[in-house]
Amino acid sequence: MKLDIRWIRDEFPICRQKFPIPGEAAPQPIRYFDHGASTHPPRAVLDAHREFLEKYYANIHRGHHNLSMIASDLFDRVSETVARYVGADLHKQTIYLTTNTTSALDLAAYAMSHEDGVVLTSVLEHHSNDLPFRARGETVMVGMCEDGTLDMADLKKKLADHKVKLVTVTAASNVTGWMPKIHEIARLAHAAGARICVDGAQMLAHHPVDLKPNDPAECIDFFAAAGHKAYAPFGSAFLVAPTSFMDALPPYRPGGGAVLAVTEDDVVWTTGPDRHLGGTPNIPGAIAMAKALDFLSDIGLDAIRHHEVELTRRAIEGLQAMDGIELYGPPDAESRLGVVSFNIEGVHHDLASAILNNEGAIATRNGCFCAHPYLHLLLRVGDVSDLVDRLRSGDENAELPGALRVSMGVFNTEGEVDFMLGWIQRIRDRKWSGTYDLEKRDYCKEVYFEFQGIRDVSGPAGHPTARV
């Protein structure tokens with residue numbers, strides 16, 4: 001099924017955003033290739049968010065007036081939408097609505113900290129699926145193969161060598177887009193007496209998800225993701241977790257809403273989604289996240305996947321055709337999401353990203369992508385302990401190695417990919433026009449902001465103009 005890309009782009013206000021570019025008479029449209037970091041809400045999601053704030057703003061589960069009852073109903077339906085989208089079973093699993101993927105994974109780490117054994121993570125992980133588990137117990141890291149994929153032989157060996165309580169793995173890397181076979185990993189984990197946790201942040205908006213709750217061997221026990229990577233506003237995310245297991249644990253975050261009764265010396269905690277998340281949640285954010293998932297479902301995840309594979313293939317083949325470009329991760333588009341990381345020989349990734357922004361209005365991401373161990377291995381930089389020590393000591397000249405990343409989304413087009421590739425080639429050929437000082441990081445251009453109809457060119461007295 002082919003997407004109606006003109007209709008889709010019309011749904012996204014960001015597609016009409018423009019920025020001034022040196023040498024161009026008029027502001028130029030942004031070409032957004034940073035979906036791996038955050039995605040922009042379409043009009044339907046923005047409308048749902050605004051409608052709640054305008055018409056139904058009230059706290060949930062705390063009142064019997066119309067606003068509170070409507071707000072409660074809208075919020076409670078979010079779990080149904082999430083469960084339907086990821087194939088969860090609300091008779092067996094609970095949806096915990098959190099603020100971001102990190103908080104969702106920390107809830108999983110807290111839950112598993114009550115069990116004996118080690119947690120297996122992998123070098124492919126975003127820090128969000130590594131550091132929360134390190135902070136709550138012993139972890140062991142599974143390695144990668146030469147092509148950047150998960151080393152399944154190493155996973156099997158470590159499952160055999162350790163008493164493992166949990167295997168936690170990404171559904172798709174935010175560095176290479178490569179997708180481990182999570183249900184095969186689930187079978188291995190369960191056969192070893194462990195549970196499995198999946199960081200679904202990168203996959204949620206780009207590939208169908210099925211947690212298989214009724215398949216004891218292949219079911220995903222914990223699944224975390226965030227709305228801001230699925231065309232919803234910042235500040236809303238979720239964790240899917242086994243209900244009976246979670247209800248038996250002490251509350252993760254005690255507070256208002258997590259109790260049935262409180263006396264001066266006793267508390268009766270509630271069960272279900274409120275038990276672990278006391279306090280007022282991000283109600284409009286959760287409602288908007290549900291609307292975004294419905295928006296994606298209406299388009300069709302299979303159609304979105306096909307569209308983004310074609311864009312990814314075009315990007316990979318275009319980069320492979322250029323000399324002086326080093327690509328990271330498996331070469332075929334079908335094995336990864338629309339995420340492509342690379343370096344341009346002789347051009348610092350920071351500089352390349354700045355040139356793309358300043359001269360082409362192309363939004364990319366550069367650096368280590370919150371996945372330092374994985375990127376260090378992909379870059380083959382060897383031991384970085386001396387560099388880490390320099391950073392720890394405050395050495396301002398120390399810098400971790402990095403790469404440039406482009407990541408595709410539902411509203412990107414083949415023309416945008418070609419435009420981006422043309423600028424990559426210009427950078428490779430050293431044909432940019434600006435003057436940049438890499439040592440001083442002096443390569444930012446002034447950006448003019450309009451807010452409430454006021455155009456501020458020079459900035460308030462004593463304050464520099466905003467720079468990006």
# chains A, B, ... in the order shown; residues from 1 in each chain; ligands from 1
>>> select_by_dssp(residues="range 23-158 of chain A", states="helix (DSSP H, G or I)", output="PyMOL selection string")
chain A and resi 43-56+66-86+101-112+127-129+131-135+152-158
>>> closest_atom_pairs(of="range 229-283 of chain A", to="range 38-45 of chain A", cutoff="7 Å", atoms="only C-alpha atoms", output="tab-separated table")
residue	atom	partner	partner_atom	distance
A:Lys229	CA	A:Ser38	CA	4.8
A:Ala230	CA	A:Thr39	CA	6.1
A:Tyr231	CA	A:Pro41	CA	4.4
A:Ala232	CA	A:Pro41	CA	5.0
A:Pro233	CA	A:Pro41	CA	6.5
>>> closest_residue(among="A:Phe75, A:Phe419, A:Tyr85, A:Tyr96", to="Gly272 in chain A", atoms="only C-alpha atoms")
A:Tyr96
>>> closest_residue(among="A:Ala292, A:Ala217, A:Ala26, A:Val267", to="His49 in chain A", atoms="only C-alpha atoms")
A:Ala292
>>> residues_around(residues="range 55-65 of chain A", least_positions_apart="6", cutoff="9 Å", atoms="only C-alpha atoms", output="ChimeraX atom specification")
/A:71-73,75,257,280-281,283-284
>>> write_last_selection(atoms="C-alpha atoms", output="short mmCIF file (atom, residue, chain, number, x, y, z; two decimals), in the first residue's frame")
data_model
loop_
_atom_site.label_atom_id
_atom_site.label_comp_id
_atom_site.auth_asym_id
_atom_site.auth_seq_id
_atom_site.Cartn_x
_atom_site.Cartn_y
_atom_site.Cartn_z
CA ALA A 71 -10.94 13.63 31.94
CA SER A 72 -10.89 10.31 33.82
CA ASP A 73 -12.64 8.49 30.99
CA PHE A 75 -7.26 9.06 30.40
CA GLY A 257 -3.65 8.31 43.97
CA THR A 280 -0.97 13.67 39.00
CA PRO A 281 0.10 12.24 35.62
CA ILE A 283 -3.10 13.74 31.43
CA PRO A 284 -3.17 15.78 28.19
#
>>> closest_residue(among="A:Gly87, A:Gly346, A:Pro27, A:Gly148", to="Gly324 in chain A", atoms="only C-alpha atoms")
A:Gly346
>>> residues_around(residues="range 190-207 of chain A", least_positions_apart="2", cutoff="7 Å", atoms="only C-alpha atoms", output="ChimeraX atom specification")
/A:36,101,129,159,164-174,186-188,209,217,220-226,229-230,301,304-305
>>> closest_residue(among="A:Lys212, A:Leu387, A:Gly434, A:Ala288", to="Leu53 in chain A", atoms="only C-alpha atoms")
A:Ala288
>>> closest_residue(among="A:Leu296, A:Val309, A:Ile344, A:Val259", to="Glu414 in chain A", atoms="only C-alpha atoms")
A:Val309
>>> select_by_dssp(residues="range 339-452 of chain A", states="strand (DSSP E)", output="count of residues only")
19
>>> residues_around(residues="Asn412 in chain A", least_positions_apart="3", cutoff="10 Å", atoms="only C-alpha atoms", output="PDB file with C-alpha atoms, in the first residue's frame")
ATOM      1  CA  ILE A   5       2.335  11.503   1.050  1.00  0.00           C
ATOM      2  CA  ILE A   8       0.300  13.165   5.229  1.00  0.00           C
ATOM      3  CA  ARG A   9       2.566  16.179   4.835  1.00  0.00           C
ATOM      4  CA  CYS A  15       6.382  20.574   7.049  1.00  0.00           C
ATOM      5  CA  ARG A  31      14.090  18.902   5.766  1.00  0.00           C
ATOM      6  CA  TYR A  32      13.672  17.014   9.003  1.00  0.00           C
ATOM      7  CA  PHE A  33      15.843  13.906   9.385  1.00  0.00           C
ATOM      8  CA  HIS A  35      12.918  11.360  13.762  1.00  0.00           C
ATOM      9  CA  HIS A 307       7.535   3.787   2.780  1.00  0.00           C
ATOM     10  CA  GLU A 308      10.394   4.182   5.236  1.00  0.00           C
ATOM     11  CA  LEU A 311      13.583   5.950   1.810  1.00  0.00           C
ATOM     12  CA  SER A 407      16.559   9.171  10.527  1.00  0.00           C
ATOM     13  CA  MET A 408      13.433   8.950   8.397  1.00  0.00           C
ATOM     14  CA  GLY A 409       9.785   9.386   9.297  1.00  0.00           C
ATOM     15  CA  GLY A 415      13.001  14.341  -2.955  1.00  0.00           C
ATOM     16  CA  GLU A 416      14.086  15.259   0.573  1.00  0.00           C
ATOM     17  CA  VAL A 417      16.408  12.245   0.702  1.00  0.00           C
TER      18      VAL A 417
END
>>> closest_residue(among="A:Ser353, A:Thr263, A:Gln93, A:Ser128", to="Ser244 in chain A", atoms="only C-alpha atoms")
A:Gln93
>>> residues_around(residues="His114 in chain A", least_positions_apart="2", cutoff="10 Å", atoms="only C-alpha atoms", output="JSON, numbers by chain")
{"A": [109, 110, 111, 112, 116, 117, 136, 137, 249, 250]}
>>> write_last_selection(atoms="C-alpha atoms", output="PDB file, in the first residue's frame")
ATOM      1  CA  ALA A 109      14.480  -2.050  36.700  1.00  0.00           C
ATOM      2  CA  TYR A 110      12.917  -1.302  40.103  1.00  0.00           C
ATOM      3  CA  ALA A 111      10.482  -4.181  39.714  1.00  0.00           C
ATOM      4  CA  MET A 112      13.205  -6.662  38.807  1.00  0.00           C
ATOM      5  CA  ASP A 116      17.699 -12.638  42.508  1.00  0.00           C
ATOM      6  CA  GLY A 117      20.146 -12.798  39.635  1.00  0.00           C
ATOM      7  CA  ARG A 136      19.629  -1.168  40.687  1.00  0.00           C
ATOM      8  CA  GLY A 137      21.833  -4.248  40.608  1.00  0.00           C
ATOM      9  CA  LEU A 249       5.640  -5.227  44.776  1.00  0.00           C
ATOM     10  CA  PRO A 250       5.947  -2.218  47.087  1.00  0.00           C
TER      11      PRO A 250
END
>>> atom_distance(atom1="CA of Phe238 in chain A", atom2="CA of Thr98 in chain A")
5.2 Å
>>> atom_distance(atom1="CA of Ile95 in chain A", atom2="CA of Leu124 in chain A")
25.6 Å
